[in-house]
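What follows is the content of data_29.cif, which has mmCIF, C-alpha atoms:
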data_protein
loop_
_atom_site.label_atom_id
_atom_site.label_comp_id
_atom_site.auth_asym_id
_atom_site.auth_seq_id
_atom_site.Cartn_x
_atom_site.Cartn_y
_atom_site.Cartn_z
CA MET A 1 -18.80 11.96 -26.37
CA ARG A 2 -17.54 15.54 -26.49
CA LEU A 3 -13.77 15.66 -26.14
CA ALA A 4 -11.29 18.44 -25.53
CA ILE A 5 -7.54 18.08 -25.97
CA LEU A 6 -4.95 19.61 -23.66
CA GLY A 7 -1.42 19.28 -24.96
CA GLY A 8 1.85 20.39 -23.46
CA SER A 9 5.16 19.34 -22.08
CA PHE A 10 3.77 18.44 -18.64
CA ASN A 11 7.35 18.57 -17.43
CA PRO A 12 6.05 17.96 -14.77
CA ILE A 13 2.28 18.10 -14.61
CA HIS A 14 1.16 20.60 -11.95
CA LEU A 15 -2.05 21.75 -10.30
CA GLY A 16 -2.52 24.50 -12.88
CA HIS A 17 -2.91 21.88 -15.62
CA LEU A 18 -5.57 20.01 -13.67
CA PHE A 19 -7.40 23.20 -12.69
CA LEU A 20 -7.49 24.26 -16.34
CA ALA A 21 -8.89 20.89 -17.45
CA ASP A 22 -11.52 21.07 -14.72
CA ALA A 23 -12.48 24.59 -15.79
CA VAL A 24 -13.07 23.48 -19.39
CA LEU A 25 -15.11 20.48 -18.26
CA THR A 26 -17.19 22.59 -15.90
CA GLU A 27 -17.72 25.71 -17.98
CA LEU A 28 -18.09 24.19 -21.45
CA HIS A 29 -19.61 20.84 -20.45
CA TYR A 30 -17.20 18.58 -22.28
CA ASP A 31 -17.35 14.93 -21.28
CA ARG A 32 -13.62 14.37 -21.17
CA VAL A 33 -10.29 16.17 -21.50
CA VAL A 34 -7.52 14.14 -23.12
CA MET A 35 -4.09 15.21 -21.87
CA VAL A 36 -1.37 14.68 -24.48
CA PRO A 37 2.26 15.05 -23.38
CA ALA A 38 4.60 16.13 -26.18
CA TYR A 39 7.68 14.12 -27.02
CA ILE A 40 9.45 17.29 -28.11
CA SER A 41 7.35 20.44 -28.08
CA PRO A 42 7.91 22.86 -30.98
CA PHE A 43 7.37 25.67 -28.46
CA LYS A 44 9.92 24.41 -25.94
CA LEU A 45 12.83 23.05 -27.93
CA ALA A 46 15.24 24.28 -25.26
CA ALA A 47 13.45 22.47 -22.41
CA PRO A 48 15.85 20.08 -20.67
CA GLY A 49 15.71 16.43 -21.71
CA MET A 50 12.05 16.17 -22.66
CA GLU A 51 12.64 13.15 -24.88
CA ASP A 52 14.70 11.49 -22.14
CA ASN A 53 11.95 11.70 -19.53
CA ALA A 54 8.96 11.16 -21.81
CA GLN A 55 7.84 7.97 -20.08
CA GLN A 56 8.20 9.55 -16.64
CA ARG A 57 6.10 12.56 -17.70
CA LEU A 58 3.49 10.18 -19.07
CA GLU A 59 3.48 8.19 -15.83
CA MET A 60 3.13 11.32 -13.70
CA ILE A 61 0.03 12.35 -15.63
CA ALA A 62 -1.48 8.88 -15.36
CA ALA A 63 -0.81 8.75 -11.61
CA SER A 64 -2.32 12.21 -11.08
CA ILE A 65 -5.72 11.59 -12.70
CA THR A 66 -6.71 8.32 -11.06
CA ALA A 67 -10.41 7.87 -10.21
CA ASP A 68 -11.48 10.83 -12.40
CA PRO A 69 -13.18 9.47 -15.55
CA ARG A 70 -13.41 12.98 -16.97
CA LEU A 71 -9.66 12.99 -17.57
CA SER A 72 -7.55 10.79 -19.82
CA VAL A 73 -3.95 10.65 -21.00
CA ASP A 74 -2.85 9.69 -24.49
CA ALA A 75 0.70 8.76 -25.50
CA CYS A 76 0.34 9.32 -29.25
CA GLU A 77 2.98 12.06 -29.47
CA ILE A 78 5.45 10.05 -27.40
CA ARG A 79 4.86 7.02 -29.63
CA ARG A 80 5.49 9.11 -32.76
CA GLU A 81 8.64 10.65 -31.25
CA GLY A 82 10.23 13.66 -32.92
CA ILE A 83 8.70 17.13 -32.78
CA SER A 84 5.00 16.95 -31.96
CA TYR A 85 2.70 18.89 -34.30
CA THR A 86 -0.79 19.64 -33.05
CA VAL A 87 -2.53 19.01 -36.37
CA ASP A 88 -1.25 15.42 -36.45
CA THR A 89 -2.33 14.83 -32.87
CA ILE A 90 -5.87 16.12 -33.44
CA ALA A 91 -6.30 13.94 -36.53
CA ASP A 92 -5.01 10.91 -34.61
CA ILE A 93 -7.36 11.57 -31.67
CA ILE A 94 -10.36 11.98 -34.00
CA SER A 95 -9.60 8.72 -35.83
CA ARG A 96 -9.35 6.66 -32.63
CA TYR A 97 -11.82 8.35 -30.26
CA ASN A 98 -14.62 9.20 -32.73
CA PRO A 99 -15.83 12.20 -30.70
CA ASP A 100 -19.20 13.84 -31.15
CA GLY A 101 -18.51 16.87 -33.30
CA LYS A 102 -15.16 18.62 -33.45
CA PRO A 103 -12.87 18.10 -30.48
CA GLY A 104 -11.94 21.18 -28.49
CA LEU A 105 -8.29 22.25 -28.51
CA ILE A 106 -7.30 24.06 -25.32
CA ILE A 107 -4.59 26.70 -25.69
CA GLY A 108 -3.43 29.44 -23.34
CA ASP A 109 -3.88 33.11 -24.07
CA ASP A 110 -0.08 33.35 -24.10
CA LEU A 111 -0.06 31.22 -27.28
CA ALA A 112 -3.23 32.52 -28.92
CA GLY A 113 -1.54 35.50 -30.57
CA GLU A 114 0.89 33.22 -32.38
CA PHE A 115 -1.64 30.53 -33.29
CA GLN A 116 -1.82 31.43 -36.98
CA LYS A 117 1.92 30.73 -37.24
CA TRP A 118 1.44 27.15 -36.06
CA TYR A 119 2.13 24.39 -38.53
CA ARG A 120 -0.99 24.00 -40.75
CA SER A 121 -3.05 26.23 -38.49
CA ASP A 122 -5.84 26.55 -41.08
CA GLU A 123 -6.28 22.79 -41.05
CA ILE A 124 -6.41 22.82 -37.23
CA LEU A 125 -9.25 25.36 -37.42
CA SER A 126 -11.16 23.09 -39.80
CA ILE A 127 -11.01 20.00 -37.56
CA ALA A 128 -11.08 21.44 -34.01
CA ASP A 129 -12.78 24.13 -31.96
CA ILE A 130 -10.25 26.45 -30.34
CA ILE A 131 -10.69 27.03 -26.61
CA ILE A 132 -8.65 29.89 -25.18
CA ALA A 133 -7.94 29.75 -21.46
CA ARG A 134 -6.54 32.56 -19.36
CA ARG A 135 -2.95 31.99 -18.31
CA VAL A 136 -1.35 35.44 -18.17
CA ARG A 137 -4.12 37.98 -18.93
CA SER A 138 -7.26 38.84 -17.03
CA GLY A 139 -8.92 40.29 -20.14
CA ARG A 140 -10.11 38.65 -23.36
CA PRO A 141 -7.48 38.48 -26.13
CA GLU A 142 -8.52 39.70 -29.57
CA VAL A 143 -7.71 37.03 -32.16
CA PRO A 144 -8.73 36.83 -35.85
CA PHE A 145 -10.08 33.27 -35.83
CA PRO A 146 -13.13 31.50 -34.35
CA ASN A 147 -12.71 30.57 -30.69
CA THR A 148 -14.37 30.09 -27.34
CA GLN A 149 -12.83 31.80 -24.33
CA ILE A 150 -13.30 30.58 -20.77
CA THR A 151 -13.17 32.76 -17.67
CA ASN A 152 -10.96 30.56 -15.53
CA ASP A 153 -8.93 32.00 -12.66
CA ILE A 154 -5.25 32.37 -13.44
CA ILE A 155 -3.13 29.87 -11.52
CA GLU A 156 0.40 31.22 -11.57
CA ILE A 157 2.28 27.93 -11.74
CA SER A 158 4.51 26.75 -14.56
CA SER A 159 6.43 23.53 -15.05
CA GLY A 160 9.62 25.55 -15.40
CA THR A 161 9.03 27.21 -12.03
CA VAL A 162 8.39 23.81 -10.42
CA ARG A 163 11.64 22.43 -11.88
CA GLU A 164 13.58 25.45 -10.65
CA LYS A 165 12.14 25.14 -7.15
CA ILE A 166 12.95 21.44 -7.00
CA ALA A 167 16.53 21.99 -8.14
CA SER A 168 17.05 24.84 -5.65
CA ASN A 169 15.42 22.93 -2.76
CA SER A 170 12.69 25.56 -2.43
CA ALA A 171 9.09 24.81 -1.47
CA TRP A 172 7.42 22.98 -4.36
CA ARG A 173 5.67 19.82 -3.14
CA TYR A 174 2.11 21.16 -3.15
CA LEU A 175 2.37 22.79 -6.57
CA VAL A 176 1.99 19.32 -8.09
CA PRO A 177 -0.46 16.44 -7.49
CA ASN A 178 0.55 14.17 -4.64
CA ALA A 179 1.16 11.20 -6.93
CA THR A 180 3.51 13.31 -9.04
CA ARG A 181 5.36 14.49 -5.92
CA ILE A 182 5.95 10.88 -4.91
CA ILE A 183 7.36 9.94 -8.33
CA ILE A 184 9.66 12.98 -8.36
CA GLU A 185 10.98 12.25 -4.87
CA ASP A 186 11.22 8.51 -5.39
CA ARG A 187 13.20 8.82 -8.63
CA LYS A 188 15.03 12.04 -7.76
CA LEU A 189 13.83 13.87 -10.87
CA TYR A 190 14.64 17.48 -11.76
CA GLY A 191 17.63 17.60 -9.43
CA PHE A 192 15.68 16.57 -6.34
CA SER A 193 18.23 15.99 -3.59
CA GLY A 194 16.18 14.83 -0.63
CA SER A 195 17.75 12.76 2.11
CA THR A 196 19.04 9.36 1.08
CA VAL A 197 16.80 6.53 2.23
CA ASP A 198 17.23 2.81 2.59
CA PRO A 199 17.15 1.38 -0.96
CA ARG A 200 15.02 -1.59 0.10
CA VAL A 201 11.84 -1.95 -1.92
CA VAL A 202 9.69 -1.13 1.08
CA ALA A 203 11.10 2.39 1.12
CA ASN A 204 9.52 3.05 -2.25
CA LYS A 205 7.10 5.96 -1.86
CA THR A 206 4.88 4.75 -4.67
CA LEU A 207 4.38 1.53 -2.73
CA ILE A 208 3.59 3.48 0.43
CA GLN A 209 1.00 5.51 -1.49
CA ARG A 210 -0.65 2.32 -2.79
CA ILE A 211 -0.86 0.86 0.70
CA GLU A 212 -2.16 4.09 2.21
CA ASP A 213 -4.84 4.29 -0.47
CA GLU A 214 -5.79 0.69 0.33
CA ALA A 215 -5.98 1.47 4.05
CA ARG A 216 -8.16 4.51 3.51
CA ALA A 217 -10.52 2.47 1.33
CA SER A 218 -10.74 -0.70 3.43
CA ILE A 219 -10.96 0.46 7.05
CA SER A 220 -13.11 3.00 8.85
CA LEU A 221 -12.10 6.66 8.89
CA THR A 222 -11.39 6.47 12.63
CA ARG A 223 -9.15 3.43 12.11
CA TYR A 224 -7.42 5.09 9.16
CA ILE A 225 -6.66 8.22 11.19
CA HIS A 226 -5.29 5.98 13.94
CA SER A 227 -3.12 4.22 11.34
CA ARG A 228 -1.78 7.49 9.99
CA HIS A 229 -0.95 8.78 13.46
CA THR A 230 0.77 5.46 14.13
CA ALA A 231 2.75 5.88 10.91
CA LEU A 232 3.78 9.42 11.84
CA LEU A 233 4.95 8.40 15.33
CA ALA A 234 6.81 5.43 13.84
CA TRP A 235 8.50 7.84 11.42
CA ASP A 236 9.48 10.15 14.31
CA LEU A 237 10.86 7.30 16.42
CA CYS A 238 12.87 5.92 13.50
CA CYS A 239 14.35 9.36 12.89
CA ARG A 240 15.22 9.68 16.57
CA PHE A 241 16.83 6.29 17.09
CA ARG A 242 18.40 5.71 13.69
CA THR A 243 21.85 6.55 15.02
CA ASP A 244 21.55 3.73 17.59
CA TYR A 245 19.87 1.34 15.13
CA PRO A 246 21.00 2.01 11.53
CA SER A 247 18.40 -0.43 10.21
CA LEU A 248 15.62 1.96 11.25
CA ASP A 249 14.49 3.85 8.18
CA PRO A 250 11.76 6.48 8.67
CA GLU A 251 9.95 5.58 5.45
CA VAL A 252 9.96 1.90 6.39
CA GLY A 253 8.55 2.84 9.79
CA TYR A 254 5.85 4.92 8.14
CA LEU A 255 4.96 2.03 5.82
CA ALA A 256 4.63 -0.42 8.72
CA GLY A 257 2.49 2.08 10.62
CA ILE A 258 0.10 2.88 7.79
CA ALA A 259 -0.28 -0.83 6.99
CA HIS A 260 -0.56 -2.38 10.45
CA ASP A 261 -4.37 -2.36 10.71
CA LEU A 262 -5.06 -3.05 7.04
CA CYS A 263 -6.86 -6.31 7.88
CA LYS A 264 -8.57 -5.13 11.06
CA GLN A 265 -12.04 -5.18 9.52
CA LEU A 266 -11.81 -8.42 7.54
CA CYS A 267 -14.36 -11.09 8.38
CA ASP A 268 -13.41 -13.66 11.02
CA ASP A 269 -12.96 -16.56 8.58
CA GLU A 270 -10.61 -14.54 6.38
CA GLN A 271 -8.48 -13.42 9.33
CA ILE A 272 -8.12 -17.04 10.46
CA ARG A 273 -7.29 -18.19 6.93
CA LEU A 274 -4.59 -15.57 6.49
CA ALA A 275 -3.14 -16.18 9.97
CA GLN A 276 -2.85 -19.89 9.14
CA ILE A 277 -0.85 -18.97 6.04
CA TYR A 278 1.44 -16.83 8.19
CA GLY A 279 2.01 -19.78 10.53
CA GLY A 280 2.23 -20.30 14.25
CA GLU A 281 -0.28 -21.58 16.74
CA ILE A 282 -3.76 -20.11 16.80
CA SER A 283 -5.05 -20.27 20.37
CA SER A 284 -8.59 -21.08 21.36
CA LEU A 285 -9.16 -17.48 22.35
CA GLU A 286 -7.83 -16.25 19.00
CA LYS A 287 -10.29 -18.57 17.30
CA GLU A 288 -12.98 -17.09 19.50
CA LYS A 289 -11.76 -13.52 18.81
CA PRO A 290 -10.18 -13.64 15.32
CA SER A 291 -9.59 -9.88 15.29
CA LEU A 292 -6.55 -10.66 17.46
CA LEU A 293 -5.05 -12.21 14.31
CA HIS A 294 -5.23 -9.07 12.17
CA GLY A 295 -1.48 -8.39 12.49
CA ARG A 296 -0.52 -11.81 11.16
CA ALA A 297 -3.20 -11.54 8.48
CA CYS A 298 -1.82 -8.17 7.42
CA ALA A 299 1.72 -9.55 7.12
CA VAL A 300 0.41 -12.10 4.62
CA VAL A 301 -1.45 -9.44 2.63
CA LEU A 302 1.67 -7.25 2.49
CA LYS A 303 3.71 -10.18 1.21
CA GLU A 304 1.21 -11.59 -1.26
CA ARG A 305 -0.54 -8.50 -2.61
CA PHE A 306 2.16 -5.86 -2.27
CA LYS A 307 5.19 -8.16 -2.75
CA ILE A 308 6.94 -6.99 0.41
CA ASP A 309 9.52 -9.56 1.48
CA ASP A 310 11.33 -7.56 4.16
CA ASN A 311 11.12 -9.83 7.19
CA GLU A 312 11.49 -6.96 9.68
CA VAL A 313 8.46 -5.20 8.25
CA LEU A 314 6.39 -8.37 8.18
CA GLU A 315 7.42 -9.28 11.75
CA ALA A 316 6.70 -5.78 13.05
CA VAL A 317 3.20 -5.80 11.57
CA ALA A 318 2.50 -9.36 12.74
CA LEU A 319 3.55 -8.63 16.34
CA HIS A 320 2.24 -5.09 16.81
CA THR A 321 -0.64 -6.16 19.07
CA GLU A 322 0.76 -8.91 21.29
CA GLY A 323 4.51 -8.59 20.92
CA GLY A 324 6.76 -11.64 20.98
CA ARG A 325 10.27 -12.94 21.54
CA GLY A 326 13.22 -11.34 19.80
CA MET A 327 11.44 -8.24 18.55
CA SER A 328 13.54 -6.14 16.17
CA PRO A 329 13.98 -2.39 16.69
CA LEU A 330 11.33 -1.79 14.01
CA ALA A 331 8.89 -4.14 15.76
CA LYS A 332 9.42 -2.24 19.03
CA VAL A 333 8.90 1.07 17.25
CA LEU A 334 5.61 -0.08 15.76
CA TYR A 335 4.43 -1.57 19.07
CA ILE A 336 5.10 1.76 20.80
CA ALA A 337 3.56 3.84 18.02
CA ASP A 338 0.39 1.75 17.88
CA LYS A 339 -0.21 2.10 21.62
CA MET A 340 0.89 5.73 22.06
CA GLU A 341 -0.16 7.69 18.97
CA VAL A 342 -1.94 10.96 19.62
CA SER A 343 -5.51 9.92 18.79
CA ARG A 344 -5.51 7.47 21.72
CA VAL A 345 -7.11 9.67 24.36
CA LYS A 346 -6.66 7.35 27.35
CA VAL A 347 -2.86 7.36 27.32
CA GLU A 348 -1.36 8.72 30.54
CA PRO A 349 0.26 12.12 29.85
CA ALA A 350 3.43 11.15 31.74
CA LEU A 351 3.85 8.04 29.61
CA ARG A 352 3.26 9.95 26.39
CA LYS A 353 5.84 12.50 27.51
CA GLN A 354 8.30 9.67 28.12
CA VAL A 355 7.63 8.34 24.61
CA LEU A 356 8.34 11.76 23.14
CA ALA A 357 11.45 12.44 25.22
CA GLY A 358 12.71 9.05 26.47
CA GLU A 359 16.41 8.37 26.35
CA THR A 360 16.48 4.95 24.71
CA LEU A 361 14.19 2.87 22.56
CA ASP A 362 14.30 -0.08 24.96
CA ARG A 363 13.33 2.04 27.98
CA ILE A 364 10.36 3.45 26.09
CA PHE A 365 9.37 -0.02 24.92
CA ILE A 366 9.47 -1.40 28.47
CA ALA A 367 7.42 1.50 29.80
CA VAL A 368 4.75 1.03 27.12
CA LEU A 369 4.76 -2.73 27.63
CA GLU A 370 4.33 -2.30 31.39
CA GLN A 371 1.38 0.03 30.84
CA THR A 372 -0.24 -2.43 28.42
CA VAL A 373 0.29 -5.37 30.79
CA SER A 374 -1.12 -3.37 33.71
CA SER A 375 -4.20 -2.49 31.69
CA LEU A 376 -4.80 -6.13 30.74
CA ARG A 377 -4.37 -7.25 34.36
CA ASN A 378 -6.70 -4.57 35.68
CA ARG A 379 -9.37 -5.76 33.28
CA LYS A 380 -8.65 -9.37 34.30
CA LEU A 381 -7.88 -10.37 30.74
CA GLU A 382 -5.73 -13.30 29.82
CA PHE A 383 -2.40 -13.00 28.01
CA SER A 384 -1.56 -14.54 24.66
CA LYS A 385 1.29 -16.96 24.33
CA ASN A 386 3.24 -14.37 22.34
CA THR A 387 2.79 -11.79 25.10
CA LEU A 388 3.80 -14.29 27.78
CA ASN A 389 6.91 -15.20 25.79
CA LEU A 390 7.78 -11.53 25.52
CA LEU A 391 7.25 -10.95 29.24
CA GLU A 392 9.40 -13.95 30.05
CA GLU A 393 12.17 -12.68 27.78
CA MET A 394 11.97 -9.24 29.43
CA GLY A 395 11.93 -10.69 32.97
CA MET A 396 8.43 -9.35 33.57
CA LEU A 397 6.44 -12.59 33.76
CA ASP A 398 4.30 -13.19 36.84
CA PRO A 399 5.12 -16.76 37.96
CA ALA A 400 1.50 -17.30 38.91
CA GLN A 401 0.29 -16.43 35.45
CA LYS A 402 -0.92 -19.28 33.29
CA ASN A 403 -0.79 -19.56 29.54
CA GLY A 404 -3.90 -18.35 27.84
CA GLY A 405 -5.25 -16.03 25.25
CA SER A 406 -5.18 -12.27 25.17
CA CYS A 407 -7.90 -9.79 24.73
CA ASN A 408 -6.37 -7.10 22.59
CA ALA A 409 -5.48 -3.75 24.10
CA ASP A 410 -5.56 -2.42 20.54
CA LYS A 411 -9.23 -1.46 20.48
#

Rewrite the structure of this file - the entire thing - as structure tokens.
Amino acid sequence: MRLAILGGSFNPIHLGHLFLADAVLTELHYDRVVMVPAYISPFKLAAPGMEDNAQQRLEMIAASITADPRLSVDACEIRREGISYTVDTIADIISRYNPDGKPGLIIGDDLAGEFQKWYRSDEILSIADIIIARRVRSGRPEVPFPNTQITNDIIEISSGTVREKIASNSAWRYLVPNATRIIIEDRKLYGFSGSTVDPRVVANKTLIQRIEDEARASISLTRYIHSRHTALLAWDLCCRFRTDYPSLDPEVGYLAGIAHDLCKQLCDDEQIRLAQIYGGEISSLEKEKPSLLHGRACAVVLKERFKIDDNEVLEAVALHTEGGRGMSPLAKVLYIADKMEVSRVKVEPALRKQVLAGETLDRIFIAVLEQTVSSLRNRKLEFSKNTLNLLEEMGMLDPAQKNGGSCNADK
């Protein structure tokens, strides 16, 4: 395997780093680029707290290169601690990776002129092939040692600039990989001062990212887009009604929305099995149409696989299709968002306008519930026990209506 090594502070990793690695892989046909974050870089001794955030820098790299087998991260310099010297790192990589031929060492043209002043630079030249990438110059630098120069585009991003933008609350989020953005925001790195969120575990953005990745992988694209629109509307409603209901956290609403259909496409037997774990009666119609159980099944998956134990989240997801007695504000938000999100083309414009501008959460919930009930009645579909209990609680139950199952309005 032909390896190239890309070292640096990665404080934090940004899109320029990944673009450079991709350019080397593409232009020079290496099999893999190993990214090596320094513990303390000899070139950046004044950089703030590199040794203090070494593990976080390592984690940001690891999170940013998932599903790309051409990229790897190695913690050898962090394990060694102290100032990181390139010659030691190359020797360590060679001894453990056993590459085919000399590994490539990627350096920027901004460092090439000083390369011969590096610690044991002659030894570096004997064990590695130097690859010079363009960082600040459009031309080819003249250097007195063997090298290969690539013709990559110059991406004018630096870790220092990213840190400055974060600290000054300037635009920065799409200068870094999405996974790195989440870690920075979640842990408030580099002076990030975003709005304070509910400290419950479900508000953890890394967890939200994991669940969203799972949703995108396990359900159809149409269903995923529906889930994301549901999550966005749930976020908006939580923002809007948080003053009235302090327990409503926008990130928690987003999580419930992105997760609510996670089990929609499981096989019938698995939906029944998971719903039985959740508990409660499974009606004859639900046995006949197990997809009606996907909310309860999803609540179990969130608890068992993702370790979410927030009862409001689990209840909201479990009840998002049929509703039920005693729904929390979050459960009402998710019920509304699921039925009214923008990719549902059959929603009446007047009702959608009421959702977007309604005065209170309860009034919006009742309006959406009435529309759902009317739709079920028009199609002569039966109501689930949970829906009947909800209608009875809300004073909306038709006395002539009998208990039965419900065909889901959540198609």

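Going from CA of Asp269 (chain A) to CA of Ala337 (chain A) covers 27.9 Å.
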
Coordinates-based distance that separates CA of Asn389 (chain A) from CA of Lys287 (chain A) (Å, one decimal):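 So the answer is 19.5 Å.
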
Interatomic distance (Å, one decimal) between CA of Val342 (chain A) and CA of Gly257 (chain A):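 CA of Gly257 (chain A) lies at a distance of 13.4 Å from CA of Val342 (chain A).
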
Hits of the PyMOL selection byres ((chain A and resi 206) around 12) in this structure, as a VMD selection string: chain A and resid 59 to 60 63 178 to 187 201 to 205 207 to 213 251 255 306

Top pick for closest residue to Ser375 (chain A), considering A:Leu6, A:Leu232, A:Lys346, A:Leu314 and counting only C-alpha atoms: A:Lys346

All residues 9 Å or closer to Arg57 (chain A), only C-alpha atoms, same chain fewer than 4 positions away omitted, as JSON, numbers by chain: {"A": [9, 10, 11, 12, 13, 37, 50, 53, 61, 62]}

All residues 12 Å or closer to Ser218 (chain A), all atoms listed in the file, same chain fewer than 4 positions away omitted, as a ChimeraX atom specification: /A:211-214,222-224,259,261-266

Picked residues, the PyMOL selection byres ((chain A and resi 129) around 9), as a VMD selection string: chain A and resid 4 102 to 106 124 to 128 130 to 131 146 to 148

Spatial neighbours of Ile107 (chain A), max dist 10 Å, all atoms listed in the file, sep filter under 6 positions, as a list of chain:residue names: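 The residues satisfying every condition are A:Ile5, A:Leu6, A:Gly7, A:Gly8, A:Phe115, A:Ile130, A:Ile131, A:Ile132, A:Ala133, A:Arg134, A:Arg135, A:Gln149.
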
Need the shell around region 290-299 of chain A: protein/DNA/RNA residues with any atom at most 10 Å away, counting only C-alpha atoms. Skip same-chain ones fewer than 3 positions apart. Format as an mmCIF file with C-alpha atoms, keeping the file's coordinate frame?
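Output file selection-v3.cif follows:
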data_model
loop_
_atom_site.group_PDB
_atom_site.id
_atom_site.type_symbol
_atom_site.label_atom_id
_atom_site.label_comp_id
_atom_site.auth_asym_id
_atom_site.auth_seq_id
_atom_site.Cartn_x
_atom_site.Cartn_y
_atom_site.Cartn_z
ATOM 1 C CA ALA A 256 4.630 -0.420 8.720
ATOM 2 C CA ALA A 259 -0.280 -0.830 6.990
ATOM 3 C CA HIS A 260 -0.560 -2.380 10.450
ATOM 4 C CA ASP A 261 -4.370 -2.360 10.710
ATOM 5 C CA LEU A 262 -5.060 -3.050 7.040
ATOM 6 C CA CYS A 263 -6.860 -6.310 7.880
ATOM 7 C CA LYS A 264 -8.570 -5.130 11.060
ATOM 8 C CA GLN A 265 -12.040 -5.180 9.520
ATOM 9 C CA LEU A 266 -11.810 -8.420 7.540
ATOM 10 C CA CYS A 267 -14.360 -11.090 8.380
ATOM 11 C CA ASP A 268 -13.410 -13.660 11.020
ATOM 12 C CA ASP A 269 -12.960 -16.560 8.580
ATOM 13 C CA GLU A 270 -10.610 -14.540 6.380
ATOM 14 C CA GLN A 271 -8.480 -13.420 9.330
ATOM 15 C CA ILE A 272 -8.120 -17.040 10.460
ATOM 16 C CA ARG A 273 -7.290 -18.190 6.930
ATOM 17 C CA LEU A 274 -4.590 -15.570 6.490
ATOM 18 C CA ALA A 275 -3.140 -16.180 9.970
ATOM 19 C CA GLN A 276 -2.850 -19.890 9.140
ATOM 20 C CA ILE A 277 -0.850 -18.970 6.040
ATOM 21 C CA TYR A 278 1.440 -16.830 8.190
ATOM 22 C CA GLY A 279 2.010 -19.780 10.530
ATOM 23 C CA GLY A 280 2.230 -20.300 14.250
ATOM 24 C CA ILE A 282 -3.760 -20.110 16.800
ATOM 25 C CA SER A 283 -5.050 -20.270 20.370
ATOM 26 C CA SER A 284 -8.590 -21.080 21.360
ATOM 27 C CA LEU A 285 -9.160 -17.480 22.350
ATOM 28 C CA GLU A 286 -7.830 -16.250 19.000
ATOM 29 C CA LYS A 287 -10.290 -18.570 17.300
ATOM 30 C CA LEU A 302 1.670 -7.250 2.490
ATOM 31 C CA LYS A 303 3.710 -10.180 1.210
ATOM 32 C CA GLU A 304 1.210 -11.590 -1.260
ATOM 33 C CA ILE A 308 6.940 -6.990 0.410
ATOM 34 C CA ASP A 309 9.520 -9.560 1.480
ATOM 35 C CA ASN A 311 11.120 -9.830 7.190
ATOM 36 C CA VAL A 313 8.460 -5.200 8.250
ATOM 37 C CA LEU A 314 6.390 -8.370 8.180
ATOM 38 C CA GLU A 315 7.420 -9.280 11.750
ATOM 39 C CA ALA A 316 6.700 -5.780 13.050
ATOM 40 C CA VAL A 317 3.200 -5.800 11.570
ATOM 41 C CA ALA A 318 2.500 -9.360 12.740
ATOM 42 C CA LEU A 319 3.550 -8.630 16.340
ATOM 43 C CA HIS A 320 2.240 -5.090 16.810
ATOM 44 C CA THR A 321 -0.640 -6.160 19.070
ATOM 45 C CA GLU A 322 0.760 -8.910 21.290
ATOM 46 C CA SER A 384 -1.560 -14.540 24.660
ATOM 47 C CA GLY A 405 -5.250 -16.030 25.250
ATOM 48 C CA SER A 406 -5.180 -12.270 25.170
ATOM 49 C CA CYS A 407 -7.900 -9.790 24.730
ATOM 50 C CA ASN A 408 -6.370 -7.100 22.590
ATOM 51 C CA ALA A 409 -5.480 -3.750 24.100
ATOM 52 C CA ASP A 410 -5.560 -2.420 20.540
ATOM 53 C CA LYS A 411 -9.230 -1.460 20.480
#

Polymer residues at most 9 Å from region 361-373 of chain A, all atoms listed in the file, same-chain spacing of 2 or more positions, as a list in words: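 Answer for this query is Leu237, Phe241, Asp244, Gly323, Pro329, Lys332, Val333, Tyr335, Ile336, Lys339, Met340, Leu351, Gln354, Val355, Gly358, Glu359, Ser375, Leu376, Arg377, Asn378, Phe383, Thr387, Leu391, Met394, Met396 and Ala409 of chain A.
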
Kindly save the residues from that selection, with C-alpha atoms included, as a tab-separated table (two decimals), in the frame of the given file.
chain	number	residue	atom	x	y	z
A	237	LEU	CA	10.86	7.30	16.42
A	241	PHE	CA	16.83	6.29	17.09
A	244	ASP	CA	21.55	3.73	17.59
A	323	GLY	CA	4.51	-8.59	20.92
A	329	PRO	CA	13.98	-2.39	16.69
A	332	LYS	CA	9.42	-2.24	19.03
A	333	VAL	CA	8.90	1.07	17.25
A	335	TYR	CA	4.43	-1.57	19.07
A	336	ILE	CA	5.10	1.76	20.80
A	339	LYS	CA	-0.21	2.10	21.62
A	340	MET	CA	0.89	5.73	22.06
A	351	LEU	CA	3.85	8.04	29.61
A	354	GLN	CA	8.30	9.67	28.12
A	355	VAL	CA	7.63	8.34	24.61
A	358	GLY	CA	12.71	9.05	26.47
A	359	GLU	CA	16.41	8.37	26.35
A	375	SER	CA	-4.20	-2.49	31.69
A	376	LEU	CA	-4.80	-6.13	30.74
A	377	ARG	CA	-4.37	-7.25	34.36
A	378	ASN	CA	-6.70	-4.57	35.68
A	383	PHE	CA	-2.40	-13.00	28.01
A	387	THR	CA	2.79	-11.79	25.10
A	391	LEU	CA	7.25	-10.95	29.24
A	394	MET	CA	11.97	-9.24	29.43
A	396	MET	CA	8.43	-9.35	33.57
A	409	ALA	CA	-5.48	-3.75	24.10

Selection result for the PyMOL selection byres ((chain A and resi 166) around 10) on this file, as a VMD selection string: chain A and resid 160 to 165 167 to 173 184 to 185 188 to 194

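Between Thr243 (chain A) and the residues A:Ser374, A:Thr360, A:Arg325, A:Ala38, the shortest atom-to-atom distance, using only C-alpha atoms, involves A:Thr360.
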
Pick from A:Lys289, A:His29, A:His14, A:Arg240, whichever lies nearest to Ala357 (chain A) using all atoms listed in the file: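 Smallest separation from Ala357 (chain A) among the options: A:Arg240.
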